[in-house]
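Here is the file final-v1.tsv (TSV, C-alpha atoms).
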```
chain	number	residue	atom	x	y	z
U	3	MET	CA	17.85	25.17	47.54
U	4	ILE	CA	14.77	23.85	45.73
U	5	ILE	CA	12.74	21.21	47.60
U	6	ASP	CA	9.93	19.18	46.07
U	7	SER	CA	7.57	18.80	49.03
U	8	HIS	CA	5.26	16.08	47.69
U	9	VAL	CA	6.78	12.93	46.19
U	10	HIS	CA	5.28	9.43	45.89
U	11	LEU	CA	7.66	6.60	44.99
U	12	HIS	CA	7.36	2.89	44.23
U	13	PRO	CA	10.02	0.28	44.97
U	14	THR	CA	9.93	-1.28	41.48
U	15	GLU	CA	8.56	-0.54	38.01
U	16	GLU	CA	6.15	-3.46	38.43
U	17	VAL	CA	4.62	-1.95	41.56
U	18	GLY	CA	4.46	1.46	39.92
U	19	LYS	CA	2.72	0.02	36.86
U	20	MET	CA	0.19	-1.80	39.04
U	21	VAL	CA	-0.62	1.37	41.00
U	22	LEU	CA	-0.96	3.50	37.88
U	23	GLU	CA	-3.25	0.97	36.22
U	24	LYS	CA	-5.39	0.82	39.35
U	25	ILE	CA	-5.93	4.57	39.60
U	26	GLY	CA	-6.28	4.94	35.84
U	27	LEU	CA	-4.22	8.09	35.46
U	28	PRO	CA	-1.52	8.70	32.83
U	29	TYR	CA	1.94	9.34	34.24
U	30	TYR	CA	5.28	9.80	32.55
U	31	SER	CA	7.17	7.24	34.68
U	32	TYR	CA	6.63	4.38	37.10
U	33	GLY	CA	7.84	6.44	40.03
U	34	THR	CA	10.87	4.43	41.10
U	35	PRO	CA	13.58	6.25	43.08
U	36	ASP	CA	15.87	6.20	40.03
U	37	ASP	CA	13.10	7.65	37.85
U	38	TYR	CA	12.59	10.45	40.31
U	39	VAL	CA	16.28	11.22	40.79
U	40	ASN	CA	16.57	11.65	37.02
U	41	ASP	CA	13.59	14.01	37.11
U	42	MET	CA	15.21	15.95	39.96
U	43	LYS	CA	18.36	16.46	37.95
U	44	SER	CA	16.54	17.63	34.84
U	45	ALA	CA	14.31	20.01	36.84
U	46	GLY	CA	17.05	21.40	39.08
U	47	ILE	CA	15.52	20.03	42.29
U	48	ASP	CA	17.88	19.55	45.24
U	49	ARG	CA	15.79	17.55	47.72
U	50	GLY	CA	12.53	15.61	47.60
U	51	VAL	CA	10.14	14.82	50.46
U	52	VAL	CA	8.85	11.26	50.07
U	53	VAL	CA	5.35	11.37	51.57
U	54	SER	CA	4.70	7.69	51.96
U	55	PHE	CA	1.56	5.92	53.14
U	56	ALA	CA	0.00	2.48	52.78
U	57	LEU	CA	-2.97	0.49	54.01
U	58	ASP	CA	-2.62	-1.38	57.28
U	59	ASN	CA	-1.46	-4.67	55.75
U	60	GLN	CA	1.52	-2.92	54.11
U	61	ILE	CA	2.15	0.08	56.33
U	62	LYS	CA	5.14	-1.25	58.28
U	63	ASN	CA	6.87	-2.65	55.19
U	64	ASN	CA	6.26	0.62	53.40
U	65	ASN	CA	7.64	2.63	56.32
U	66	PHE	CA	10.71	0.40	56.44
U	67	TRP	CA	11.43	0.86	52.72
U	68	THR	CA	10.81	4.61	52.78
U	69	VAL	CA	13.36	5.19	55.52
U	70	ALA	CA	15.83	2.50	54.44
U	71	ILE	CA	16.48	4.00	50.99
U	72	THR	CA	17.67	7.23	52.62
U	73	ARG	CA	19.99	5.59	55.18
U	74	PRO	CA	23.60	4.53	54.76
U	75	GLY	CA	24.12	0.77	54.80
U	76	ARG	CA	26.86	-1.21	56.39
U	77	ASN	CA	30.10	0.11	54.92
U	78	LYS	CA	28.34	1.97	52.11
U	79	PRO	CA	26.72	5.39	51.76
U	80	ALA	CA	23.01	6.03	51.44
U	81	LYS	CA	21.81	5.47	47.89
U	82	TYR	CA	19.29	8.34	47.95
U	83	PRO	CA	20.49	10.88	50.53
U	84	MET	CA	18.64	13.64	48.66
U	85	LEU	CA	15.29	12.15	49.73
U	86	ILE	CA	13.55	13.14	52.97
U	87	PRO	CA	11.40	10.32	54.41
U	88	PHE	CA	7.89	10.84	55.79
U	89	ILE	CA	6.23	7.64	57.07
U	90	SER	CA	2.65	6.86	58.04
U	91	VAL	CA	0.66	5.33	60.90
U	92	SER	CA	-3.02	4.61	61.42
U	93	PRO	CA	-5.24	3.91	64.44
U	94	THR	CA	-6.03	0.43	63.11
U	95	MET	CA	-2.50	-0.73	62.26
U	96	LYS	CA	-1.42	-4.09	63.67
U	97	GLY	CA	1.69	-5.09	65.59
U	98	ARG	CA	3.50	-2.03	66.89
U	99	THR	CA	1.41	0.77	68.30
U	100	MET	CA	1.49	4.07	66.45
U	101	ILE	CA	3.85	5.56	69.04
U	102	GLU	CA	6.12	2.52	68.95
U	103	GLU	CA	6.32	2.81	65.16
U	104	LEU	CA	7.05	6.53	65.40
U	105	GLU	CA	9.83	5.98	67.93
U	106	HIS	CA	11.35	3.16	65.89
U	107	LYS	CA	11.41	5.04	62.60
U	108	TYR	CA	12.43	8.32	64.26
U	109	ASN	CA	15.54	6.56	65.53
U	110	TRP	CA	16.13	5.44	61.94
U	111	GLY	CA	15.84	8.95	60.57
U	112	MET	CA	12.25	9.62	59.52
U	113	LYS	CA	11.51	13.35	59.29
U	114	GLY	CA	7.72	13.57	59.36
U	115	LEU	CA	4.34	11.89	58.92
U	116	LYS	CA	2.05	11.48	55.92
U	117	PHE	CA	-1.66	10.76	56.37
U	118	HIS	CA	-4.18	9.97	53.67
U	119	PRO	CA	-7.42	10.00	55.68
U	120	VAL	CA	-9.54	9.10	52.63
U	121	ALA	CA	-7.52	6.06	51.53
U	122	GLN	CA	-6.60	5.00	55.07
U	123	GLU	CA	-10.21	5.48	56.19
U	124	PHE	CA	-9.81	7.36	59.44
U	125	ALA	CA	-10.83	10.83	60.47
U	126	PRO	CA	-8.11	13.33	61.45
U	127	ASP	CA	-10.23	14.29	64.47
U	128	ASP	CA	-10.44	10.68	65.69
U	129	GLU	CA	-9.23	11.00	69.28
U	130	ARG	CA	-7.22	7.80	68.93
U	131	MET	CA	-4.82	10.06	67.01
U	132	TRP	CA	-4.34	12.48	69.93
U	133	PRO	CA	-1.18	10.73	71.25
U	134	VAL	CA	0.32	10.95	67.74
U	135	TYR	CA	-0.27	14.70	67.55
U	136	GLU	CA	1.25	15.14	71.00
U	137	TRP	CA	4.28	13.10	69.95
U	138	MET	CA	4.72	15.10	66.75
U	139	MET	CA	4.63	18.40	68.63
U	140	LYS	CA	7.11	17.11	71.19
U	141	HIS	CA	9.55	16.19	68.40
U	142	ASP	CA	8.84	19.34	66.35
U	143	LEU	CA	7.99	17.39	63.19
U	144	HIS	CA	5.55	18.10	60.37
U	145	ILE	CA	2.45	16.21	59.29
U	146	MET	CA	1.56	16.21	55.60
U	147	ALA	CA	-2.11	15.28	55.15
U	148	HIS	CA	-4.01	14.58	51.97
U	149	SER	CA	-7.02	16.86	51.69
U	150	GLY	CA	-9.99	16.88	49.36
U	151	PHE	CA	-11.00	14.21	46.88
U	152	ASN	CA	-9.14	10.98	46.28
U	153	VAL	CA	-8.41	9.79	42.74
U	154	ASP	CA	-11.48	7.52	42.95
U	155	GLY	CA	-13.72	10.50	43.72
U	156	LYS	CA	-14.18	9.69	47.40
U	157	SER	CA	-13.69	12.49	49.90
U	158	MET	CA	-14.91	11.18	53.27
U	159	PHE	CA	-12.43	12.26	55.97
U	160	GLY	CA	-10.54	14.42	53.45
U	161	GLU	CA	-12.41	17.64	54.13
U	162	PRO	CA	-10.02	20.32	55.48
U	163	GLU	CA	-12.52	21.26	58.19
U	164	ARG	CA	-11.90	17.84	59.77
U	165	TRP	CA	-8.67	19.33	61.10
U	166	SER	CA	-10.36	22.16	63.01
U	167	PRO	CA	-10.87	20.19	66.26
U	168	VAL	CA	-7.29	18.94	66.04
U	169	LEU	CA	-5.83	22.41	65.56
U	170	GLU	CA	-7.95	23.81	68.37
U	171	GLU	CA	-6.59	21.12	70.68
U	172	PHE	CA	-2.99	21.17	69.40
U	173	SER	CA	-2.24	24.76	68.47
U	174	ASP	CA	1.48	24.13	67.90
U	175	LEU	CA	0.98	21.21	65.53
U	176	LYS	CA	2.92	21.64	62.28
U	177	LEU	CA	0.39	20.70	59.60
U	178	ILE	CA	0.63	20.83	55.82
U	179	LEU	CA	-2.62	20.24	53.92
U	180	ALA	CA	-1.86	18.79	50.52
U	181	HIS	CA	-3.48	19.86	47.25
U	182	MET	CA	-4.70	23.17	48.77
U	183	GLY	CA	-7.80	21.32	49.96
U	184	GLY	CA	-8.26	19.27	46.80
U	185	GLY	CA	-11.38	21.04	45.58
U	186	SER	CA	-12.59	22.17	49.00
U	187	TRP	CA	-11.37	25.69	48.30
U	188	ASP	CA	-13.72	27.55	50.64
U	189	MET	CA	-12.88	25.21	53.53
U	190	SER	CA	-9.19	25.77	52.86
U	191	ILE	CA	-9.65	29.53	53.06
U	192	GLU	CA	-11.52	29.16	56.35
U	193	ILE	CA	-8.78	26.96	57.80
U	194	ALA	CA	-6.07	29.37	56.64
U	195	ASP	CA	-7.92	32.32	58.19
U	196	LYS	CA	-8.57	30.58	61.50
U	197	PHE	CA	-5.26	28.73	61.86
U	198	PRO	CA	-2.46	30.78	60.27
U	199	GLN	CA	0.14	28.19	61.30
U	200	VAL	CA	-1.27	25.71	58.76
U	201	MET	CA	0.58	25.42	55.45
U	202	PHE	CA	-0.69	24.16	52.10
U	203	ASP	CA	1.02	22.55	49.14
U	204	THR	CA	-0.10	22.94	45.53
U	205	ALA	CA	0.51	19.37	44.34
U	206	ILE	CA	-2.06	18.50	41.64
U	207	ALA	CA	-4.06	21.63	42.55
U	208	ILE	CA	-2.09	23.54	39.92
U	209	SER	CA	-3.70	21.20	37.36
U	210	TYR	CA	-6.97	23.04	37.90
U	211	ILE	CA	-5.57	26.47	37.10
U	212	ASN	CA	-7.44	26.65	33.78
U	213	SER	CA	-10.65	25.24	35.24
U	214	PRO	CA	-13.57	27.31	36.56
U	215	THR	CA	-13.01	28.21	40.20
U	216	THR	CA	-15.20	29.25	43.09
U	217	LEU	CA	-12.57	31.83	44.08
U	218	ASP	CA	-13.23	35.31	42.75
U	219	ASP	CA	-10.27	37.58	41.99
U	220	GLU	CA	-10.53	39.51	45.24
U	221	ARG	CA	-10.37	36.39	47.40
U	222	LEU	CA	-7.74	34.78	45.23
U	223	TRP	CA	-5.29	37.66	45.62
U	224	THR	CA	-6.05	38.70	49.19
```

Just dump the structure as structure tokens.
Amino acid sequence: MIIDSHVHLHPTEEVGKMVLEKIGLPYYSYGTPDDYVNDMKSAGIDRGVVVSFALDNQIKNNNFWTVAITRPGRNKPAKYPMLIPFISVSPTMKGRTMIEELEHKYNWGMKGLKFHPVAQEFAPDDERMWPVYEWMMKHDLHIMAHSGFNVDGKSMFGEPERWSPVLEEFSDLKLILAHMGGGSWDMSIEIADKFPQVMFDTAIAISYINSPTTLDDERLWT
């Protein structure tokens, strides 16, 4: 089975177009579920992990949509059963507490968490997140976290080393750092050496394969 571990989707073409214009990057589709399912078929991908996040004013609606598209409806099957939903929470979200949101969406079928510390503007080692990490360990679920630079060039809170205090406190936490550190290659190596349970994905990072790198051949292949 081939699983795409890092998928961002938009509910409509209009939303996708707005997002793409805002970040100013060329893409080959608007990222709707139907667009992606077509890409899956052409690429031979079996499942896709939808790593969804939003700012506080949209986070609950975004979580609802992310899980709902993977669930069967009343008297009809799920439209996108091949998608695996990861939702998001933040320490400044309104309404439900983070744990209440986790419990609610877990009962609906969410399979993990996605954080974007740079865009959501909170540090992974913010101790307000401690109950979330405890909850995730208790339920044996993964966290996918953006790491490195954002598309706007900002990197505050995205440094991989921000996770060191978390991993020291929660040694069984299942963490995936996206983009292999997103430019923070040396930090990623240090995290990998110190915390072998941490995993990395290569989303976007593969784009830099022809660019100069700080990794010499010995360190790259070790």

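Excluding Glu123 in chain U and any residue on its chain fewer than 4 positions from it, the residues at most 9 Å away by only C-alpha atoms are Ser92, His118, Pro119, Met158 and Phe159 of chain U.
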
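If you measure from each of U:Val52, U:Ile61, U:Ala180, U:Met138 to Gly150 in chain U using all atoms listed in the file, the closest one turns out to be U:Ala180.
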
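Across the model, the gap from CA of Ile178 in chain U to CA of His144 in chain U is 7.2 Å.
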
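For the atom pair formed by CA of Gly114 in chain U and CA of Ile89 in chain U, the distance is 6.5 Å, given to one decimal.
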
Residues near His12 in chain U, cut-off 6 Å, only C-alpha atoms, skip fewer than 4 positions along chain, as a compact mmCIF listing (two decimals) with C-alpha atoms, in the frame of the given file:
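That gives us out24.txt:
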```
# COMPACT_ATOMS: atom_id res chain seq x y z
CA GLY U 18 4.46 1.46 39.92
CA GLY U 33 7.84 6.44 40.03
CA THR U 34 10.87 4.43 41.10
```

Residues near Thr72 in chain U, cut-off 6 Å, only C-alpha atoms, skip fewer than 6 positions along chain, as a VMD selection string: chain U and resid 80 82 to 83

Name the residues in contact with Val134 in chain U at a cut-off of 12 Å, using all atoms listed in the file, excluding same-chain residues fewer than 5 positions from it; report them as number ranges by chain. U: 90-93, 99-105, 114-117, 126-129, 139-141, 143-145, 168, 172, 175

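If you look at CA of Val9 in chain U and CA of Glu171 in chain U, they are 29.1 Å away from each other.
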
Write out as a list in words each polymer residue whose atoms come within 9 Å of Ser186 in chain U, counting all atoms listed in the file; drop sequence neighbours fewer than 4 positions from it. Ser149, Gly150, Phe151, Glu161, Pro162, Met182, Ser190 and Ile191 of chain U

Please produce an output containing C-alpha atoms for each residue in the selection, written as a compact mmCIF listing (two decimals), in the coordinates of the input.
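Just written: again13.txt:
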```
# COMPACT_ATOMS: atom_id res chain seq x y z
CA SER U 149 -7.02 16.86 51.69
CA GLY U 150 -9.99 16.88 49.36
CA PHE U 151 -11.00 14.21 46.88
CA GLU U 161 -12.41 17.64 54.13
CA PRO U 162 -10.02 20.32 55.48
CA MET U 182 -4.70 23.17 48.77
CA SER U 190 -9.19 25.77 52.86
CA ILE U 191 -9.65 29.53 53.06
```

Measuring atom to atom with all atoms listed in the file, identify which of U:Thr14, U:Asp188, U:Asp174, U:Tyr108 is nearest to Val200 in chain U. U:Asp174

Minimum-distance residue to Met131 in chain U, chosen among U:Ser166, U:Ser44, U:Gln199, U:Thr94 (using all atoms listed in the file): U:Thr94

U:Ala56, U:Met201, U:Leu177, U:Ile193 ranked by distance to Leu11 in chain U, top pick (using all atoms listed in the file): U:Ala56

Which is closest to Ile71 in chain U among U:Phe88, U:Glu163, U:Arg130, U:Met20, if we use only C-alpha atoms? U:Phe88

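In terms of minimum interatomic distance to His106 in chain U, U:Lys62 ranks closest within U:Asp195, U:Phe202, U:Lys62, U:Asp37, counting only C-alpha atoms.
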